[in-house]
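Data from data.cif: mmCIF, N, CA and C atoms
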```
data_coords
#
loop_
_atom_site.label_atom_id
_atom_site.label_comp_id
_atom_site.auth_asym_id
_atom_site.auth_seq_id
_atom_site.Cartn_x
_atom_site.Cartn_y
_atom_site.Cartn_z
N MET A 966 -4.64 -130.88 9.51
CA MET A 966 -5.44 -129.79 10.03
C MET A 966 -4.74 -129.08 11.20
N ASP A 967 -3.93 -129.84 11.97
CA ASP A 967 -3.30 -129.23 13.14
C ASP A 967 -2.44 -128.03 12.77
N GLN A 968 -1.77 -128.10 11.64
CA GLN A 968 -0.88 -127.02 11.27
C GLN A 968 -1.55 -125.98 10.38
N LEU A 969 -2.50 -126.40 9.56
CA LEU A 969 -3.15 -125.46 8.65
C LEU A 969 -4.16 -124.55 9.36
N GLN A 970 -5.03 -125.12 10.13
CA GLN A 970 -6.11 -124.40 10.82
C GLN A 970 -6.76 -123.35 9.92
N PRO A 971 -7.41 -123.81 8.84
CA PRO A 971 -8.06 -122.84 7.95
C PRO A 971 -9.18 -122.09 8.68
N HIS A 972 -9.43 -120.89 8.24
CA HIS A 972 -10.53 -120.13 8.81
C HIS A 972 -11.84 -120.81 8.42
N ILE A 973 -12.78 -120.82 9.34
CA ILE A 973 -14.10 -121.40 9.10
C ILE A 973 -15.10 -120.25 9.18
N LYS A 974 -15.73 -119.94 8.05
CA LYS A 974 -16.67 -118.82 7.99
C LYS A 974 -18.10 -119.33 7.97
N ILE A 975 -18.92 -118.75 8.86
CA ILE A 975 -20.35 -119.07 8.86
C ILE A 975 -21.09 -117.79 8.51
N SER A 976 -22.25 -117.95 7.92
CA SER A 976 -23.06 -116.81 7.51
C SER A 976 -24.53 -117.22 7.57
N ASP A 977 -25.39 -116.28 7.95
CA ASP A 977 -26.82 -116.56 8.01
C ASP A 977 -27.58 -115.27 7.73
N TRP A 978 -28.71 -115.40 7.05
CA TRP A 978 -29.58 -114.27 6.75
C TRP A 978 -30.84 -114.38 7.60
N TYR A 979 -31.36 -113.22 8.04
CA TYR A 979 -32.59 -113.21 8.83
C TYR A 979 -33.36 -111.92 8.57
N ALA A 980 -34.65 -111.98 8.85
CA ALA A 980 -35.52 -110.81 8.70
C ALA A 980 -36.65 -110.94 9.73
N PRO A 981 -37.27 -109.83 10.09
CA PRO A 981 -38.35 -109.88 11.07
C PRO A 981 -39.63 -110.46 10.46
N CYS A 982 -40.47 -110.98 11.33
CA CYS A 982 -41.82 -111.37 10.91
C CYS A 982 -42.56 -110.09 10.54
N GLN A 983 -43.41 -110.18 9.54
CA GLN A 983 -44.14 -108.98 9.10
C GLN A 983 -45.45 -108.78 9.84
N ASP A 984 -45.95 -109.82 10.52
CA ASP A 984 -47.26 -109.72 11.17
C ASP A 984 -47.19 -109.74 12.69
N CYS A 985 -45.99 -109.73 13.26
CA CYS A 985 -45.85 -109.72 14.71
C CYS A 985 -44.42 -109.36 15.09
N GLY A 986 -44.18 -109.09 16.36
CA GLY A 986 -42.82 -108.88 16.84
C GLY A 986 -42.06 -110.19 16.79
N SER A 987 -40.73 -110.14 16.73
CA SER A 987 -39.97 -111.37 16.63
C SER A 987 -38.56 -111.19 17.19
N GLU A 988 -37.90 -112.30 17.40
CA GLU A 988 -36.52 -112.32 17.89
C GLU A 988 -35.71 -113.27 17.02
N TYR A 989 -34.44 -112.93 16.84
CA TYR A 989 -33.51 -113.79 16.10
C TYR A 989 -32.34 -114.12 17.01
N ASN A 990 -31.99 -115.39 17.07
CA ASN A 990 -30.89 -115.86 17.91
C ASN A 990 -30.16 -116.97 17.18
N ILE A 991 -28.85 -116.91 17.16
CA ILE A 991 -28.06 -117.97 16.53
C ILE A 991 -26.91 -118.35 17.47
N SER A 992 -26.59 -119.63 17.46
CA SER A 992 -25.46 -120.13 18.24
C SER A 992 -24.76 -121.19 17.41
N VAL A 993 -23.46 -121.02 17.19
CA VAL A 993 -22.67 -122.00 16.44
C VAL A 993 -21.48 -122.36 17.31
N GLU A 994 -21.24 -123.65 17.43
CA GLU A 994 -20.20 -124.15 18.32
C GLU A 994 -19.26 -125.07 17.55
N LEU A 995 -17.96 -124.91 17.76
CA LEU A 995 -16.99 -125.86 17.22
C LEU A 995 -16.70 -126.89 18.31
N LEU A 996 -16.69 -128.16 17.91
CA LEU A 996 -16.47 -129.27 18.83
C LEU A 996 -15.25 -130.06 18.38
N ASP A 997 -14.56 -130.68 19.32
CA ASP A 997 -13.43 -131.54 18.94
C ASP A 997 -13.94 -132.93 18.58
N GLU A 998 -13.02 -133.85 18.29
CA GLU A 998 -13.39 -135.20 17.88
C GLU A 998 -14.21 -135.94 18.93
N GLU A 999 -14.05 -135.55 20.20
CA GLU A 999 -14.79 -136.20 21.29
C GLU A 999 -16.06 -135.43 21.63
N MET A 1000 -16.45 -134.50 20.74
CA MET A 1000 -17.66 -133.69 20.90
C MET A 1000 -17.58 -132.76 22.10
N LYS A 1001 -16.37 -132.36 22.46
CA LYS A 1001 -16.18 -131.40 23.55
C LYS A 1001 -16.05 -130.00 22.97
N HIS A 1002 -16.54 -129.02 23.70
CA HIS A 1002 -16.56 -127.63 23.29
C HIS A 1002 -15.15 -127.09 23.04
N ILE A 1003 -14.96 -126.42 21.90
CA ILE A 1003 -13.72 -125.70 21.62
C ILE A 1003 -13.98 -124.21 21.76
N ILE A 1004 -14.90 -123.71 20.96
CA ILE A 1004 -15.22 -122.28 20.94
C ILE A 1004 -16.61 -122.10 20.34
N ASN A 1005 -17.27 -121.00 20.69
CA ASN A 1005 -18.59 -120.78 20.10
C ASN A 1005 -18.77 -119.33 19.69
N PHE A 1006 -19.78 -119.12 18.86
CA PHE A 1006 -20.20 -117.80 18.41
C PHE A 1006 -21.67 -117.67 18.74
N GLN A 1007 -22.01 -116.70 19.58
CA GLN A 1007 -23.40 -116.47 19.95
C GLN A 1007 -23.58 -114.97 20.18
N PRO A 1008 -23.94 -114.24 19.12
CA PRO A 1008 -24.13 -112.80 19.27
C PRO A 1008 -25.39 -112.51 20.07
N ASP A 1009 -25.57 -111.25 20.42
CA ASP A 1009 -26.77 -110.84 21.16
C ASP A 1009 -28.02 -111.15 20.35
N VAL A 1010 -29.10 -111.41 21.07
CA VAL A 1010 -30.40 -111.64 20.44
C VAL A 1010 -30.84 -110.34 19.77
N VAL A 1011 -31.37 -110.46 18.56
CA VAL A 1011 -31.89 -109.30 17.85
C VAL A 1011 -33.40 -109.29 18.04
N VAL A 1012 -33.93 -108.20 18.58
CA VAL A 1012 -35.36 -108.09 18.84
C VAL A 1012 -35.97 -107.12 17.83
N PHE A 1013 -37.02 -107.57 17.17
CA PHE A 1013 -37.75 -106.73 16.23
C PHE A 1013 -39.12 -106.42 16.82
N GLU A 1014 -39.38 -105.15 17.05
CA GLU A 1014 -40.70 -104.74 17.52
C GLU A 1014 -41.66 -104.76 16.33
N TRP A 1015 -42.94 -104.77 16.63
CA TRP A 1015 -43.95 -104.75 15.58
C TRP A 1015 -44.64 -103.40 15.59
N PRO A 1016 -44.99 -102.77 14.50
CA PRO A 1016 -44.72 -103.21 13.13
C PRO A 1016 -43.27 -102.92 12.77
N ASN A 1017 -42.77 -103.65 11.80
CA ASN A 1017 -41.37 -103.51 11.42
C ASN A 1017 -41.20 -103.81 9.94
N LYS A 1018 -40.53 -102.95 9.26
CA LYS A 1018 -40.26 -103.12 7.82
C LYS A 1018 -38.76 -103.25 7.56
N GLU A 1019 -38.01 -103.73 8.57
CA GLU A 1019 -36.56 -103.88 8.42
C GLU A 1019 -36.26 -104.83 7.24
N PRO A 1020 -35.20 -104.54 6.49
CA PRO A 1020 -34.81 -105.43 5.40
C PRO A 1020 -34.10 -106.68 5.95
N TRP A 1021 -33.81 -107.60 5.06
CA TRP A 1021 -33.04 -108.77 5.43
C TRP A 1021 -31.67 -108.33 5.95
N CYS A 1022 -31.17 -109.02 6.97
CA CYS A 1022 -29.87 -108.73 7.56
C CYS A 1022 -29.01 -109.98 7.48
N GLN A 1023 -27.71 -109.78 7.49
CA GLN A 1023 -26.79 -110.91 7.45
C GLN A 1023 -25.85 -110.86 8.64
N THR A 1024 -25.64 -112.01 9.24
CA THR A 1024 -24.63 -112.13 10.28
C THR A 1024 -23.55 -113.07 9.76
N THR A 1025 -22.31 -112.73 10.04
CA THR A 1025 -21.19 -113.59 9.64
C THR A 1025 -20.19 -113.67 10.80
N HIS A 1026 -19.48 -114.74 10.83
CA HIS A 1026 -18.43 -114.90 11.83
C HIS A 1026 -17.36 -115.81 11.26
N VAL A 1027 -16.11 -115.54 11.59
CA VAL A 1027 -15.00 -116.37 11.14
C VAL A 1027 -14.31 -116.95 12.37
N PHE A 1028 -14.29 -118.28 12.45
CA PHE A 1028 -13.53 -118.96 13.50
C PHE A 1028 -12.09 -119.07 13.03
N LYS A 1029 -11.14 -118.66 13.87
CA LYS A 1029 -9.72 -118.81 13.56
C LYS A 1029 -8.96 -119.03 14.85
N ASP A 1030 -7.77 -119.57 14.74
CA ASP A 1030 -6.94 -119.86 15.91
C ASP A 1030 -7.70 -120.71 16.94
N TYR A 1031 -8.36 -121.76 16.45
CA TYR A 1031 -9.20 -122.59 17.32
C TYR A 1031 -8.45 -123.80 17.88
N GLY A 1032 -7.17 -123.92 17.59
CA GLY A 1032 -6.39 -124.99 18.17
C GLY A 1032 -6.27 -126.21 17.28
N PRO A 1033 -5.51 -127.21 17.74
CA PRO A 1033 -5.26 -128.40 16.94
C PRO A 1033 -6.50 -129.29 16.83
N GLY A 1034 -6.46 -130.17 15.84
CA GLY A 1034 -7.56 -131.12 15.66
C GLY A 1034 -8.40 -130.77 14.45
N ASP A 1035 -9.41 -131.60 14.22
CA ASP A 1035 -10.32 -131.44 13.09
C ASP A 1035 -11.69 -131.09 13.67
N PRO A 1036 -12.03 -129.80 13.77
CA PRO A 1036 -13.26 -129.42 14.47
C PRO A 1036 -14.53 -129.80 13.72
N LEU A 1037 -15.54 -130.07 14.50
CA LEU A 1037 -16.89 -130.31 13.99
C LEU A 1037 -17.71 -129.07 14.31
N MET A 1038 -18.75 -128.81 13.54
CA MET A 1038 -19.57 -127.63 13.78
C MET A 1038 -20.99 -128.06 14.12
N GLU A 1039 -21.55 -127.41 15.13
CA GLU A 1039 -22.94 -127.64 15.50
C GLU A 1039 -23.59 -126.28 15.61
N GLY A 1040 -24.76 -126.14 15.03
CA GLY A 1040 -25.42 -124.83 15.06
C GLY A 1040 -26.88 -124.92 15.42
N ARG A 1041 -27.36 -123.85 15.98
CA ARG A 1041 -28.78 -123.72 16.31
C ARG A 1041 -29.22 -122.32 15.91
N LYS A 1042 -30.35 -122.26 15.25
CA LYS A 1042 -30.90 -120.96 14.88
C LYS A 1042 -32.34 -120.93 15.34
N LEU A 1043 -32.68 -119.89 16.06
CA LEU A 1043 -34.04 -119.76 16.58
C LEU A 1043 -34.63 -118.45 16.10
N VAL A 1044 -35.80 -118.53 15.53
CA VAL A 1044 -36.54 -117.33 15.16
C VAL A 1044 -37.91 -117.45 15.81
N PHE A 1045 -38.21 -116.50 16.68
CA PHE A 1045 -39.47 -116.54 17.40
C PHE A 1045 -40.34 -115.39 16.94
N GLY A 1046 -41.59 -115.66 16.72
CA GLY A 1046 -42.56 -114.60 16.44
C GLY A 1046 -43.62 -114.64 17.53
N GLN A 1047 -44.09 -113.48 17.89
CA GLN A 1047 -45.10 -113.40 18.94
C GLN A 1047 -46.15 -112.39 18.52
N VAL A 1048 -47.39 -112.82 18.51
CA VAL A 1048 -48.48 -111.93 18.16
C VAL A 1048 -48.69 -110.96 19.32
N ILE A 1049 -48.74 -109.69 19.00
CA ILE A 1049 -48.93 -108.65 20.01
C ILE A 1049 -50.37 -108.17 19.93
N MET A 1050 -51.10 -108.38 20.99
CA MET A 1050 -52.52 -107.99 21.04
C MET A 1050 -52.64 -106.67 21.77
N GLU A 1051 -53.38 -105.74 21.21
CA GLU A 1051 -53.62 -104.47 21.89
C GLU A 1051 -55.11 -104.22 22.01
#
```
I'd like the structure from this file rewritten - as structure tokens, please.
Amino acid sequence: MDQLQPHIKISDWYAPCQDCGSEYNISVELLDEEMKHIINFQPDVVVFEWPNKEPWCQTTHVFKDYGPGDPLMEGRKLVFGQVIME
């Protein structure tokens, strides 16, 4: 792996809640063998106001040139919906 360093592609689909405002947040981190941080991908939070008829969206990212070793991947995806009362 030290010499090859293949690209690591992540992809995720998301859409807004249909009955309330919502937020989408994703964080993916590459870790070394000792579980120490190498590099991460964390785009801006996507905020969907209500009402919203946005279609499904896709986010992708390619990790490359991440250094020697055999990286591990850890990810977190958060989708929050909040009822808006008027």
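Straight-line separation from atom CA of Asn990 of chain A to atom CA of Pro971 of chain A: 25.9 Å.
Across the structure, atom N of Ile973 of chain A and atom N of Cys1022 of chain A are spaced 22.0 Å apart.
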- Query: Between A:Pro1008, A:His1026, A:Leu1037, A:Pro1020, which one has atoms that come closest to Ser992 of chain A, using only C-alpha atoms?
  - Reply: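 Once distances to Ser992 of chain A are computed over only C-alpha atoms, the minimum belongs to A:Pro1008.
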- Item | Contacts of Pro1016 of chain A at 9 Å (only C-alpha atoms; same-chain gap of 5+ positions) as a PyMOL selection string | chain A and resi 982-986
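From atom C of Trp978 of chain A back to atom C of Glu1014 of chain A, the distance works out to 16.9 Å.
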- Task: Determine the residue membership of the PyMOL selection byres (((chain A and resi 1003 and name CA) around 12) and name CA) for the file above and supply it as a PyMOL selection string.
- Result: chain A and resi 993-1002+1004-1006+1028-1039
- Message: I need the residues in chain A that are strand (DSSP E) according to DSSP; give them as a PyMOL selection string.
- Response: chain A and resi 973-979+986-996+1002-1006+1011-1013+1022-1028+1037-1047
Give the centre and edge lengths of an axis-aligned box, in Å to one decimal, that holds all listed atoms of segment 979-994 of chain A with 6 Å on each side, as AutoDock Vina command-line options.
```
--center_x -33.3 --center_y -116.9 --center_z 13.2 --size_x 40.0 --size_y 28.3 --size_z 22.3
```
- Message: Taking only C-alpha atoms into account, name the residue in A:Asp977, A:Val1012, A:Tyr989, A:Gln1007 that is nearest to Thr1024 of chain A.
- Response: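 The answer is A:Asp977, which sits nearest to Thr1024 of chain A.
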Can you fill out segment 1020-1031 of chain A with all heavy atoms and hand it back as a PDB file, in the coordinates of the input?
```
ATOM      1  N   PRO A1020     -35.200-104.540   6.490  1.00  0.00           N
ATOM      2  CA  PRO A1020     -34.810-105.430   5.400  1.00  0.00           C
ATOM      3  C   PRO A1020     -34.100-106.680   5.950  1.00  0.00           C
ATOM      4  O   PRO A1020     -33.807-106.771   7.130  1.00  0.00           O
ATOM      5  CB  PRO A1020     -33.841-104.585   4.580  1.00  0.00           C
ATOM      6  CG  PRO A1020     -33.221-103.675   5.597  1.00  0.00           C
ATOM      7  CD  PRO A1020     -34.327-103.370   6.590  1.00  0.00           C
ATOM      8  N   TRP A1021     -33.810-107.600   5.060  1.00  0.00           N
ATOM      9  CA  TRP A1021     -33.040-108.770   5.430  1.00  0.00           C
ATOM     10  C   TRP A1021     -31.670-108.330   5.950  1.00  0.00           C
ATOM     11  O   TRP A1021     -31.078-107.375   5.451  1.00  0.00           O
ATOM     12  CB  TRP A1021     -32.855-109.699   4.229  1.00  0.00           C
ATOM     13  CG  TRP A1021     -34.069-110.520   3.965  1.00  0.00           C
ATOM     14  CD1 TRP A1021     -35.147-110.168   3.206  1.00  0.00           C
ATOM     15  CD2 TRP A1021     -34.335-111.818   4.467  1.00  0.00           C
ATOM     16  NE1 TRP A1021     -36.068-111.177   3.206  1.00  0.00           N
ATOM     17  CE2 TRP A1021     -35.594-112.209   3.971  1.00  0.00           C
ATOM     18  CE3 TRP A1021     -33.645-112.700   5.282  1.00  0.00           C
ATOM     19  CZ2 TRP A1021     -36.163-113.432   4.274  1.00  0.00           C
ATOM     20  CZ3 TRP A1021     -34.209-113.918   5.582  1.00  0.00           C
ATOM     21  CH2 TRP A1021     -35.453-114.276   5.077  1.00  0.00           C
ATOM     22  N   CYS A1022     -31.170-109.020   6.970  1.00  0.00           N
ATOM     23  CA  CYS A1022     -29.870-108.730   7.560  1.00  0.00           C
ATOM     24  C   CYS A1022     -29.010-109.980   7.480  1.00  0.00           C
ATOM     25  O   CYS A1022     -29.524-111.092   7.421  1.00  0.00           O
ATOM     26  CB  CYS A1022     -30.032-108.353   9.038  1.00  0.00           C
ATOM     27  SG  CYS A1022     -31.102-106.948   9.323  1.00  0.00           S
ATOM     28  N   GLN A1023     -27.710-109.780   7.490  1.00  0.00           N
ATOM     29  CA  GLN A1023     -26.790-110.910   7.450  1.00  0.00           C
ATOM     30  C   GLN A1023     -25.850-110.860   8.640  1.00  0.00           C
ATOM     31  O   GLN A1023     -25.374-109.794   9.018  1.00  0.00           O
ATOM     32  CB  GLN A1023     -25.969-110.885   6.159  1.00  0.00           C
ATOM     33  CG  GLN A1023     -25.047-112.076   6.005  1.00  0.00           C
ATOM     34  CD  GLN A1023     -24.239-112.018   4.724  1.00  0.00           C
ATOM     35  OE1 GLN A1023     -23.944-110.954   4.206  1.00  0.00           O
ATOM     36  NE2 GLN A1023     -23.883-113.186   4.212  1.00  0.00           N
ATOM     37  N   THR A1024     -25.640-112.010   9.240  1.00  0.00           N
ATOM     38  CA  THR A1024     -24.630-112.130  10.280  1.00  0.00           C
ATOM     39  C   THR A1024     -23.550-113.070   9.760  1.00  0.00           C
ATOM     40  O   THR A1024     -23.851-114.055   9.093  1.00  0.00           O
ATOM     41  CB  THR A1024     -25.228-112.631  11.611  1.00  0.00           C
ATOM     42  OG1 THR A1024     -24.231-112.592  12.618  1.00  0.00           O
ATOM     43  CG2 THR A1024     -25.787-114.029  11.513  1.00  0.00           C
ATOM     44  N   THR A1025     -22.310-112.730  10.040  1.00  0.00           N
ATOM     45  CA  THR A1025     -21.190-113.590   9.640  1.00  0.00           C
ATOM     46  C   THR A1025     -20.190-113.670  10.800  1.00  0.00           C
ATOM     47  O   THR A1025     -20.131-112.766  11.627  1.00  0.00           O
ATOM     48  CB  THR A1025     -20.453-113.062   8.388  1.00  0.00           C
ATOM     49  OG1 THR A1025     -19.978-111.755   8.666  1.00  0.00           O
ATOM     50  CG2 THR A1025     -21.347-113.045   7.179  1.00  0.00           C
ATOM     51  N   HIS A1026     -19.480-114.740  10.830  1.00  0.00           N
ATOM     52  CA  HIS A1026     -18.430-114.900  11.830  1.00  0.00           C
ATOM     53  C   HIS A1026     -17.360-115.810  11.260  1.00  0.00           C
ATOM     54  O   HIS A1026     -17.647-116.750  10.522  1.00  0.00           O
ATOM     55  CB  HIS A1026     -18.987-115.505  13.120  1.00  0.00           C
ATOM     56  CG  HIS A1026     -17.944-115.676  14.176  1.00  0.00           C
ATOM     57  ND1 HIS A1026     -17.428-114.628  14.891  1.00  0.00           N
ATOM     58  CD2 HIS A1026     -17.298-116.788  14.625  1.00  0.00           C
ATOM     59  CE1 HIS A1026     -16.513-115.066  15.737  1.00  0.00           C
ATOM     60  NE2 HIS A1026     -16.416-116.376  15.596  1.00  0.00           N
ATOM     61  N   VAL A1027     -16.110-115.540  11.590  1.00  0.00           N
ATOM     62  CA  VAL A1027     -15.000-116.370  11.140  1.00  0.00           C
ATOM     63  C   VAL A1027     -14.310-116.950  12.370  1.00  0.00           C
ATOM     64  O   VAL A1027     -13.840-116.220  13.239  1.00  0.00           O
ATOM     65  CB  VAL A1027     -13.987-115.564  10.297  1.00  0.00           C
ATOM     66  CG1 VAL A1027     -12.810-116.453   9.889  1.00  0.00           C
ATOM     67  CG2 VAL A1027     -14.652-114.964   9.076  1.00  0.00           C
ATOM     68  N   PHE A1028     -14.290-118.280  12.450  1.00  0.00           N
ATOM     69  CA  PHE A1028     -13.530-118.960  13.500  1.00  0.00           C
ATOM     70  C   PHE A1028     -12.090-119.070  13.030  1.00  0.00           C
ATOM     71  O   PHE A1028     -11.833-119.514  11.918  1.00  0.00           O
ATOM     72  CB  PHE A1028     -14.087-120.365  13.750  1.00  0.00           C
ATOM     73  CG  PHE A1028     -15.439-120.396  14.384  1.00  0.00           C
ATOM     74  CD1 PHE A1028     -16.575-120.641  13.623  1.00  0.00           C
ATOM     75  CD2 PHE A1028     -15.593-120.197  15.745  1.00  0.00           C
ATOM     76  CE1 PHE A1028     -17.820-120.698  14.203  1.00  0.00           C
ATOM     77  CE2 PHE A1028     -16.841-120.248  16.334  1.00  0.00           C
ATOM     78  CZ  PHE A1028     -17.955-120.494  15.563  1.00  0.00           C
ATOM     79  N   LYS A1029     -11.140-118.660  13.870  1.00  0.00           N
ATOM     80  CA  LYS A1029      -9.720-118.810  13.560  1.00  0.00           C
ATOM     81  C   LYS A1029      -8.960-119.030  14.850  1.00  0.00           C
ATOM     82  O   LYS A1029      -9.476-118.747  15.930  1.00  0.00           O
ATOM     83  CB  LYS A1029      -9.186-117.609  12.783  1.00  0.00           C
ATOM     84  CG  LYS A1029      -9.531-116.272  13.358  1.00  0.00           C
ATOM     85  CD  LYS A1029      -9.144-115.168  12.389  1.00  0.00           C
ATOM     86  CE  LYS A1029      -9.737-113.860  12.849  1.00  0.00           C
ATOM     87  NZ  LYS A1029      -9.498-112.783  11.925  1.00  0.00           N
ATOM     88  N   ASP A1030      -7.770-119.570  14.740  1.00  0.00           N
ATOM     89  CA  ASP A1030      -6.940-119.860  15.910  1.00  0.00           C
ATOM     90  C   ASP A1030      -7.700-120.710  16.940  1.00  0.00           C
ATOM     91  O   ASP A1030      -7.686-120.422  18.126  1.00  0.00           O
ATOM     92  CB  ASP A1030      -6.443-118.562  16.553  1.00  0.00           C
ATOM     93  CG  ASP A1030      -5.638-117.707  15.596  1.00  0.00           C
ATOM     94  OD1 ASP A1030      -4.886-118.293  14.792  1.00  0.00           O
ATOM     95  OD2 ASP A1030      -5.768-116.474  15.648  1.00  0.00           O
ATOM     96  N   TYR A1031      -8.360-121.760  16.450  1.00  0.00           N
ATOM     97  CA  TYR A1031      -9.200-122.590  17.320  1.00  0.00           C
ATOM     98  C   TYR A1031      -8.450-123.800  17.880  1.00  0.00           C
ATOM     99  O   TYR A1031      -9.038-124.623  18.564  1.00  0.00           O
ATOM    100  CB  TYR A1031     -10.466-123.035  16.586  1.00  0.00           C
ATOM    101  CG  TYR A1031     -10.230-123.518  15.178  1.00  0.00           C
ATOM    102  CD1 TYR A1031      -9.792-124.808  14.928  1.00  0.00           C
ATOM    103  CD2 TYR A1031     -10.438-122.670  14.110  1.00  0.00           C
ATOM    104  CE1 TYR A1031      -9.572-125.241  13.642  1.00  0.00           C
ATOM    105  CE2 TYR A1031     -10.228-123.091  12.807  1.00  0.00           C
ATOM    106  CZ  TYR A1031      -9.802-124.381  12.579  1.00  0.00           C
ATOM    107  OH  TYR A1031      -9.579-124.806  11.303  1.00  0.00           O
TER     108      TYR A1031
END
```
